[in-house]
Structures are given as C-alpha cells and as structure tokens.
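Q: Structure file final25.txt (compact mmCIF, C-alpha atoms) right here:
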# COMPACT_ATOMS: atom_id res chain seq x y z
CA MET H 1 24.54 -5.96 7.55
CA GLY H 2 22.50 -2.96 8.45
CA TRP H 3 20.79 -4.07 11.64
CA PHE H 4 19.78 -0.93 13.50
CA TRP H 5 17.30 -0.51 16.30
CA ALA H 6 14.81 2.33 15.74
CA GLU H 7 13.54 2.54 19.30
CA ASN H 8 15.14 4.95 21.75
CA LYS H 9 14.94 3.88 25.35
CA ASP H 10 17.11 4.44 28.40
CA PHE H 11 20.02 2.03 28.31
CA ASN H 12 23.76 1.93 28.65
CA SER H 13 25.34 2.64 25.29
CA THR H 14 28.57 3.85 23.76
CA ALA H 15 29.14 6.12 20.81
CA ALA H 16 30.43 4.49 17.64
CA PRO H 17 33.91 5.62 16.58
CA ALA H 18 34.48 6.81 13.06
CA PRO H 19 35.45 4.14 10.53
CA SER H 20 39.08 5.26 10.54
CA GLN H 21 39.20 4.58 14.25
CA ILE H 22 37.57 1.18 14.00
CA THR H 23 40.21 -0.02 11.57
CA GLN H 24 42.79 0.41 14.30
CA THR H 25 41.08 -1.99 16.69
CA THR H 26 41.61 -5.73 16.82
CA SER H 27 39.26 -8.57 17.58
CA SER H 28 39.39 -12.33 17.90
CA ASN H 29 39.34 -14.59 14.86
CA ILE H 30 36.10 -16.23 13.83
CA SER H 31 36.23 -19.76 12.52
CA GLY H 32 34.14 -20.94 9.62
CA CYS H 33 33.67 -17.56 7.93
CA PRO H 34 31.22 -18.11 5.04
CA ILE H 35 32.77 -15.41 2.84
CA ASP H 36 35.00 -16.48 -0.01
CA HIS H 37 37.82 -14.04 0.68
CA SER H 38 39.45 -14.82 -2.65
CA SER H 39 36.64 -12.99 -4.41
CA TYR H 40 37.42 -9.65 -5.98
CA THR H 41 35.44 -6.94 -7.71
CA LYS H 42 36.69 -4.49 -10.30
CA SER H 43 33.61 -2.29 -9.87
CA LYS H 44 33.85 1.24 -8.48
CA SER H 45 33.91 0.25 -4.84
CA THR H 46 35.69 1.45 -1.76
CA SER H 47 37.62 -0.84 0.54
CA THR H 48 36.33 -0.13 4.03
CA SER H 49 38.52 -2.21 6.29
CA SER H 50 40.17 -5.46 7.05
CA LYS H 51 38.77 -7.17 10.13
CA PRO H 52 39.40 -10.66 11.47
CA ALA H 53 35.73 -11.46 11.58
CA CYS H 54 32.81 -12.37 9.40
CA PRO H 55 30.14 -9.69 8.86
CA VAL H 56 27.56 -11.97 7.24
CA LEU H 57 24.41 -11.90 9.30
CA PRO H 58 21.21 -13.90 8.76
CA SER H 59 18.58 -12.57 6.43
CA THR H 60 15.53 -11.21 8.19
CA ASP H 61 12.84 -13.17 6.40
CA ASN H 62 9.52 -12.10 7.83
CA SER H 63 7.49 -14.54 9.88
CA ASN H 64 3.77 -14.25 10.40
CA ASP H 65 3.89 -14.22 14.20
CA GLU H 66 6.30 -11.29 14.58
CA VAL H 67 5.60 -7.60 14.75
CA LEU H 68 8.21 -5.97 12.54
CA ASN H 69 9.43 -2.40 12.65
CA PRO H 70 8.68 -0.82 9.24
CA LEU H 71 11.88 1.23 9.44
CA ASN H 72 14.21 -1.75 9.41
CA ASN H 73 12.12 -4.93 8.94
CA MET H 74 13.37 -6.20 12.28
CA PRO H 75 11.29 -7.44 15.23
CA MET H 76 10.11 -4.59 17.43
CA ALA H 77 11.57 -6.22 20.51
CA ILE H 78 14.53 -8.58 20.89
CA SER H 79 15.41 -9.92 24.31
CA SER H 80 18.67 -9.02 26.01
CA GLU H 81 18.46 -12.09 28.23
CA LEU H 82 20.74 -15.08 27.87
CA ALA H 83 19.42 -17.65 25.42
CA PRO H 84 18.56 -21.15 26.69
CA GLY H 85 21.76 -23.17 26.88
CA GLN H 86 23.99 -20.17 26.27
CA LYS H 87 27.36 -20.64 27.95
CA ILE H 88 29.06 -17.29 27.41
CA LYS H 89 27.58 -14.05 28.70
CA LEU H 90 27.52 -11.51 25.87
CA SER H 91 27.51 -7.76 26.27
CA THR H 92 24.11 -6.07 26.45
CA GLU H 93 25.64 -2.66 25.76
CA ARG H 94 24.23 -1.07 22.61
CA THR H 95 26.34 1.22 20.46
CA ILE H 96 24.95 4.46 19.09
CA SER H 97 25.86 5.01 15.44
CA THR H 98 26.91 8.29 13.84
CA ILE H 99 23.90 8.10 11.51
CA PRO H 100 21.06 10.60 12.15
CA ARG H 101 17.57 9.13 12.26
CA GLY H 102 14.24 10.62 11.20
CA GLU H 103 13.49 14.15 10.05
CA THR H 104 14.46 16.11 13.15
CA SER H 105 17.44 16.20 15.48
CA ASP H 106 15.32 15.24 18.48
CA GLN H 107 14.94 11.78 16.93
CA GLY H 108 18.59 11.20 17.62
CA LEU H 109 20.86 8.64 16.02
CA TRP H 110 20.30 5.09 14.89
CA GLU H 111 21.31 2.48 17.45
CA TYR H 112 22.99 -0.84 16.84
CA PRO H 113 21.79 -3.96 18.66
CA SER H 114 23.95 -5.31 21.43
CA PRO H 115 25.85 -8.58 20.90
CA GLN H 116 23.29 -10.37 23.06
CA GLN H 117 20.39 -8.95 21.07
CA MET H 118 22.13 -9.86 17.83
CA TYR H 119 22.66 -13.42 19.01
CA ASN H 120 19.04 -13.74 20.14
CA ALA H 121 17.85 -12.31 16.82
CA MET H 122 19.89 -14.88 14.91
CA LEU H 123 18.56 -17.69 17.07
CA SER H 124 14.98 -16.50 16.59
CA LYS H 125 15.50 -16.79 12.83
CA GLY H 126 17.06 -20.22 13.12
CA LYS H 127 20.40 -18.81 11.92
CA GLY H 128 22.41 -18.93 15.14
CA GLN H 129 23.25 -22.61 15.24
CA GLY H 130 26.92 -23.28 14.52
CA ILE H 131 28.03 -19.72 15.27
CA PRO H 132 30.53 -19.71 18.16
CA GLU H 133 29.22 -17.61 21.02
CA ASP H 134 32.63 -16.01 21.47
CA ALA H 135 32.51 -14.83 17.85
CA VAL H 136 29.34 -12.76 18.14
CA GLU H 137 30.92 -9.63 19.60
CA SER H 138 33.49 -9.52 16.79
CA MET H 139 30.71 -9.99 14.24
CA VAL H 140 28.84 -7.04 15.72
CA GLU H 141 31.98 -4.89 15.55
CA VAL H 142 32.41 -5.62 11.85
CA HIS H 143 28.71 -5.17 11.19
CA ASN H 144 28.77 -1.74 12.82
CA PHE H 145 31.96 -0.78 11.04
CA LEU H 146 30.55 -1.62 7.59
CA ASN H 147 27.41 0.37 8.23
CA GLU H 148 29.48 3.38 9.25
CA GLY H 149 31.52 2.96 6.07
CA ALA H 150 28.36 2.81 3.95
CA TRP H 151 27.09 6.01 5.53
CA GLN H 152 30.39 7.80 4.84
CA GLN H 153 30.09 6.83 1.17
CA ILE H 154 26.53 8.17 1.07
CA LEU H 155 27.72 11.44 2.61
CA GLU H 156 30.26 11.73 -0.22
CA TRP H 157 27.52 11.30 -2.83
CA GLU H 158 25.36 13.87 -1.00
CA ASN H 159 28.16 16.37 -0.42
CA LYS H 160 27.19 18.82 -3.19
CA TYR H 161 23.60 18.95 -1.95
CA THR H 162 24.77 19.41 1.63
CA ASP H 163 26.99 22.29 0.50
CA GLU H 164 23.95 23.97 -1.05
CA THR H 165 21.53 23.59 1.88
CA LYS H 166 24.02 23.40 4.77
CA ILE H 167 21.85 20.57 6.10
CA GLU H 168 23.20 17.03 6.24
CA PRO H 169 21.10 14.09 5.06
CA ARG H 170 19.45 11.67 7.46
CA LEU H 171 18.63 7.98 7.22
CA LYS H 172 14.88 7.34 7.16
CA LYS H 173 14.75 3.57 6.75
CA PHE H 174 16.48 0.59 5.18
CA THR H 175 15.84 -2.96 4.15
CA GLY H 176 18.06 -5.94 3.47
CA LYS H 177 17.74 -7.76 0.16
CA PRO H 178 20.34 -10.54 0.39
CA HIS H 179 18.63 -12.63 -2.28
CA ASP H 180 18.05 -9.83 -4.81
CA LEU H 181 20.97 -8.99 -7.07
CA SER H 182 21.05 -5.34 -8.05
CA PRO H 183 21.07 -4.57 -11.81
CA LYS H 184 24.68 -3.39 -11.57
CA ALA H 185 25.77 -6.59 -9.80
CA GLN H 186 24.01 -8.66 -12.47
CA ILE H 187 25.81 -6.74 -15.24
CA TYR H 188 29.20 -7.26 -13.62
CA LEU H 189 28.53 -10.96 -13.15
CA TRP H 190 27.57 -11.25 -16.83
CA LEU H 191 30.72 -9.38 -17.85
CA GLY H 192 32.71 -11.62 -15.51
CA LYS H 193 31.67 -14.67 -17.50
CA ILE H 194 32.91 -13.07 -20.73
CA PHE H 195 35.95 -11.24 -19.33
CA PRO H 196 36.88 -13.23 -16.19
CA GLU H 197 40.32 -11.60 -15.94
CA THR H 198 38.83 -8.12 -15.85
CA PHE H 199 35.51 -8.36 -14.04
CA ASN H 200 34.44 -10.05 -10.84
CA SER H 201 32.62 -13.36 -11.21
CA ILE H 202 31.60 -13.67 -7.54
CA PRO H 203 28.27 -12.07 -6.55
CA PRO H 204 27.99 -9.74 -3.56
CA PHE H 205 27.26 -11.53 -0.32
CA ASP H 206 24.63 -9.01 0.69
CA ARG H 207 22.62 -6.07 -0.57
CA HIS H 208 20.85 -3.27 1.24
CA ASP H 209 18.58 -0.46 0.12
CA TRP H 210 18.78 2.64 2.31
CA THR H 211 16.28 5.48 1.99
CA ILE H 212 17.82 8.76 3.02
CA LEU H 213 16.30 12.19 3.49
CA ARG H 214 17.90 14.99 1.45
CA SER H 215 17.05 18.49 2.58
CA ASN H 216 15.25 20.81 0.17
CA GLY H 217 16.49 23.78 2.18
CA LYS H 218 15.81 25.22 5.61
CA ASN H 219 12.19 24.58 6.64
CA GLN H 220 11.41 23.28 3.12
CA GLY H 221 11.10 19.60 3.89
CA TRP H 222 12.96 16.58 2.62
CA LYS H 223 13.29 14.53 -0.54
CA GLU H 224 13.57 10.78 -0.23
CA ILE H 225 16.50 9.24 -2.10
CA ARG H 226 17.10 5.50 -2.29
CA TYR H 227 20.65 4.17 -2.20
CA ILE H 228 21.77 0.67 -3.12
CA ILE H 229 24.69 -0.93 -1.30
CA ASP H 230 26.32 -4.12 -2.56
CA TYR H 231 28.68 -5.86 -0.13
CA TYR H 232 31.60 -7.79 -1.62
CA GLY H 233 34.38 -9.89 -0.21
CA ALA H 234 37.80 -8.53 -1.19
CA PRO H 235 41.32 -9.97 -1.19
CA ASP H 236 42.81 -10.54 2.24
CA ASP H 237 45.04 -7.77 3.50
CA GLU H 238 48.56 -8.44 2.24
CA GLU H 239 50.26 -7.29 5.43
CA THR H 240 48.02 -8.83 8.07
CA GLY H 241 46.28 -11.62 6.16
CA MET H 242 42.98 -10.38 7.56
CA PRO H 243 39.82 -10.60 5.43
CA SER H 244 38.63 -7.33 3.93
CA PHE H 245 35.45 -6.14 2.30
CA MET H 246 34.32 -3.70 -0.36
CA LEU H 247 31.14 -1.64 -0.57
CA ASP H 248 29.63 -0.43 -3.81
CA THR H 249 27.33 2.38 -2.73
CA ARG H 250 25.36 4.53 -5.19
CA PRO H 251 21.97 6.22 -5.61
CA ALA H 252 19.32 4.04 -7.23
CA LEU H 253 18.23 5.10 -10.72
CA ASP H 254 14.81 6.21 -9.49
CA ASP H 255 14.75 9.75 -10.87
CA PHE H 256 16.56 12.03 -13.29
CA GLY H 257 18.66 13.62 -10.55
CA SER H 258 20.08 10.28 -9.42
CA ILE H 259 20.71 9.22 -13.02
CA LYS H 260 22.58 12.49 -13.60
CA ASP H 261 24.66 11.99 -10.46
CA ARG H 262 25.62 8.48 -11.56
CA ILE H 263 26.61 9.66 -15.04
CA ILE H 264 28.70 12.51 -13.67
CA ASP H 265 30.40 10.19 -11.21
CA PHE H 266 31.18 7.69 -13.96
CA ALA H 267 32.25 10.11 -16.67
CA GLY H 268 33.62 12.93 -14.53
CA PRO H 269 37.21 11.67 -14.06
CA THR H 270 37.54 10.87 -17.78
CA TRP H 271 36.19 14.29 -18.77
CA ARG H 272 38.48 16.15 -16.35
CA LYS H 273 41.48 14.18 -17.61
CA ALA H 274 40.57 14.99 -21.21
CA MET H 275 40.28 18.67 -20.31
CA GLY H 276 43.66 18.61 -18.59
CA GLU H 277 42.18 19.24 -15.17
CA GLU H 278 43.48 17.57 -12.04
CA GLN H 279 41.42 14.68 -10.82
CA ARG H 280 39.77 14.91 -7.45
Please go through the file and, once you have read it, give me the structure as structure tokens.
A:
Amino acid sequence: MGWFWAENKDFNSTAAPAPSQITQTTSSNISGCPIDHSSYTKSKSTSTSSKPACPVLPSTDNSNDEVLNPLNNMPMAISSELAPGQKIKLSTERTISTIPRGETSDQGLWEYPSPQQMYNAMLSKGKGQGIPEDAVESMVEVHNFLNEGAWQQILEWENKYTDETKIEPRLKKFTGKPHDLSPKAQIYLWLGKIFPETFNSIPPFDRHDWTILRSNGKNQGWKEIRYIIDYYGAPDDEETGMPSFMLDTRPALDDFGSIKDRIIDFAGPTWRKAMGEEQR
C-alpha cells in the first residue's frame, strides 16, 4: 500500500480515475492471495471496493546500500527494465494519482510506480518470488485504488477546514508501518478477545502514516497533520464473490485539534440523534 514515486520526469503516464470509476473495472484473478478474506472489522471503517486481486505489497525495510527518498522511504530509482529471467513483459506506464504533492501546485501530483517498477521493487526486497508475473498489473490496480480511497477519506476529515480556507490539503509524505499496530487496532484486538462476536479479532494487514498539509489560509503557510490508515480484509462481496477491503482512516492524536475532531466524529451522530436532528 501507498507506494508513490516523488520524482517528476518526462514519461508516458495516465491519469488515475476516481475510486468510483475503478470499482467498475475488472481484472484477472490472483492466486495465493495472502489476505484472510473471512476477516471482518466492526470499527468505523469504509468499504472501498471489491477487487479480484491482492493488494498486499512487501514492506520496504531499509537496506544500508540503498538511497531512499525521505518522502516515501522508497529507493530513489527503480529500474523499468525487465528483470533477469522475467517471462512476461509488464507495462512501464506510470499512473498519475489525484493526490496533490508538496506545498505548491507546480509540484504536481503524486505518481504511482508502473507494474514493471513495482515488480522490480519487490524483487529488490526479496519479496517477489512466488508472485505470478501476470498478477502484478492487477496488484498495482488495487494498490492505486486503495490509495485513492484513503485520500478521499482524508478529504472528508479535512472538509470543514477546506471550507474555511478554500484551499484543499496536500500530501507531504508518508511511511508504511506494516509491523506496528496502531493504538486503535490494538484496542479492537483486545476487545475482540473478550467480545469476539462484536469486535474484530483479525489485525489489519497493513498500516500507513500519511502527513498532509492543511492550509492556514491564503499565503499563510501550512500545518502538518498526521493521519493513520489501517487496512483490513473484509467479507467477500456477496454478489460477485470478490475479495473486498476496508480502510480505517483518521487523524493521529498528536494535538488538541485532532483529538477534538476524533471526539466530534465519534460522538457527533449520537448527539444529533439525541437532539432529534437528522444524521449526516
């Protein structure tokens, strides 16, 4: 999850469709998906899609001989050439996301790696063995789709601030933390042991921390806000039988403003119902 390229060079690329459009596409099945699709979470999460592919990508554990980009903890350069012994030619076309990058519009949008780059990156980390070459492009599609879904959820959290400043947030940087359970995920796992019929007992299969830039107003700079995203497997789609996934996206409890937003989001529906107001 969350592999973007921060560089911006001349290359053939295509714009990423909105998540609602991606859900209408189809892709080939991937065998040996490592997600337990029977898992389910009762947390406040949003189902993003059902796709016949596995989005789990290798963790990007740092190695001493690589130069990593500080914006995404990924190698600065990944080859687009065929890997030794590779039998299927993968696309080298890189998709441009809908997610704005950096502090100014001239820094453009974040870019997703091409299927060939993704495959080479997995091989360089020793994670590509056993992954069918013909499955990589579908994996990239799901990966891109989930990132777009995560960004849409962040935009919903940021909506009231965007309404005030009329300036949309931007994504500064992100990092994957697949081995670090968030406090919320730990609480739900603990509750799952006590109330297994009510709470999920399966941990998220991935976690990301995204640092976004929230505008302080026109020409008044930006405030950095960290978001936590937990990625869960969800029940297979009842109509298609396809695997689906759920994202639990929320601001980290780093400051009073984020704590307030979390409390309002949690208690807001209950308070409006008690006051006889219509729920959003």
Q: Identify the residues around (23.7, 6.3, 17.2) within a radius of 8 Å, measuring from only C-alpha atoms in the coordinates stated by the file, and give them as a PDB file with C-alpha atoms, keeping the file's coordinate frame.
A:
ATOM      1  CA  ALA H  15      29.140   6.120  20.810  1.00  0.00           C
ATOM      2  CA  ALA H  16      30.430   4.490  17.640  1.00  0.00           C
ATOM      3  CA  THR H  95      26.340   1.220  20.460  1.00  0.00           C
ATOM      4  CA  ILE H  96      24.950   4.460  19.090  1.00  0.00           C
ATOM      5  CA  SER H  97      25.860   5.010  15.440  1.00  0.00           C
ATOM      6  CA  THR H  98      26.910   8.290  13.840  1.00  0.00           C
ATOM      7  CA  ILE H  99      23.900   8.100  11.510  1.00  0.00           C
ATOM      8  CA  PRO H 100      21.060  10.600  12.150  1.00  0.00           C
ATOM      9  CA  GLY H 108      18.590  11.200  17.620  1.00  0.00           C
ATOM     10  CA  LEU H 109      20.860   8.640  16.020  1.00  0.00           C
ATOM     11  CA  TRP H 110      20.300   5.090  14.890  1.00  0.00           C
ATOM     12  CA  GLU H 111      21.310   2.480  17.450  1.00  0.00           C
ATOM     13  CA  TYR H 112      22.990  -0.840  16.840  1.00  0.00           C
TER      14      TYR H 112
END
Q: I'd like a table as CSV: residues in stretch 101-169 of chain H with an atom no more than 9 Å from stretch 202-217 of chain H, each row giving the shortest atom pair and its distance in Å to one decimal, all atoms listed in the file counted, sorted by chain and rising residue number.
A:
residue,atom,partner,partner_atom,distance
H:Gly102,CA,H:Leu213,CA,8.1
H:Glu103,CA,H:Leu213,CA,7.4
H:Ile154,CA,H:Ile212,CA,8.9
H:Glu158,CA,H:Arg214,CA,7.9
H:Tyr161,CA,H:Arg214,CA,7.7
H:Thr162,CA,H:Ser215,CA,7.8
H:Glu164,CA,H:Gly217,CA,8.1
H:Thr165,CA,H:Gly217,CA,5.1
H:Lys166,CA,H:Gly217,CA,8.0
H:Ile167,CA,H:Ser215,CA,6.3
H:Glu168,CA,H:Ser215,CA,7.3
H:Pro169,CA,H:Arg214,CA,4.9
Q: Using Å and a single decimal, report how far atom CA of H:Lys172 sits from atom CA of H:Val142.
A: 22.3 Å
Q: What is the atom CA of H:Gln186 to atom CA of H:His143 distance in Å?
A: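 Those two atoms sit 24.4 Å apart.
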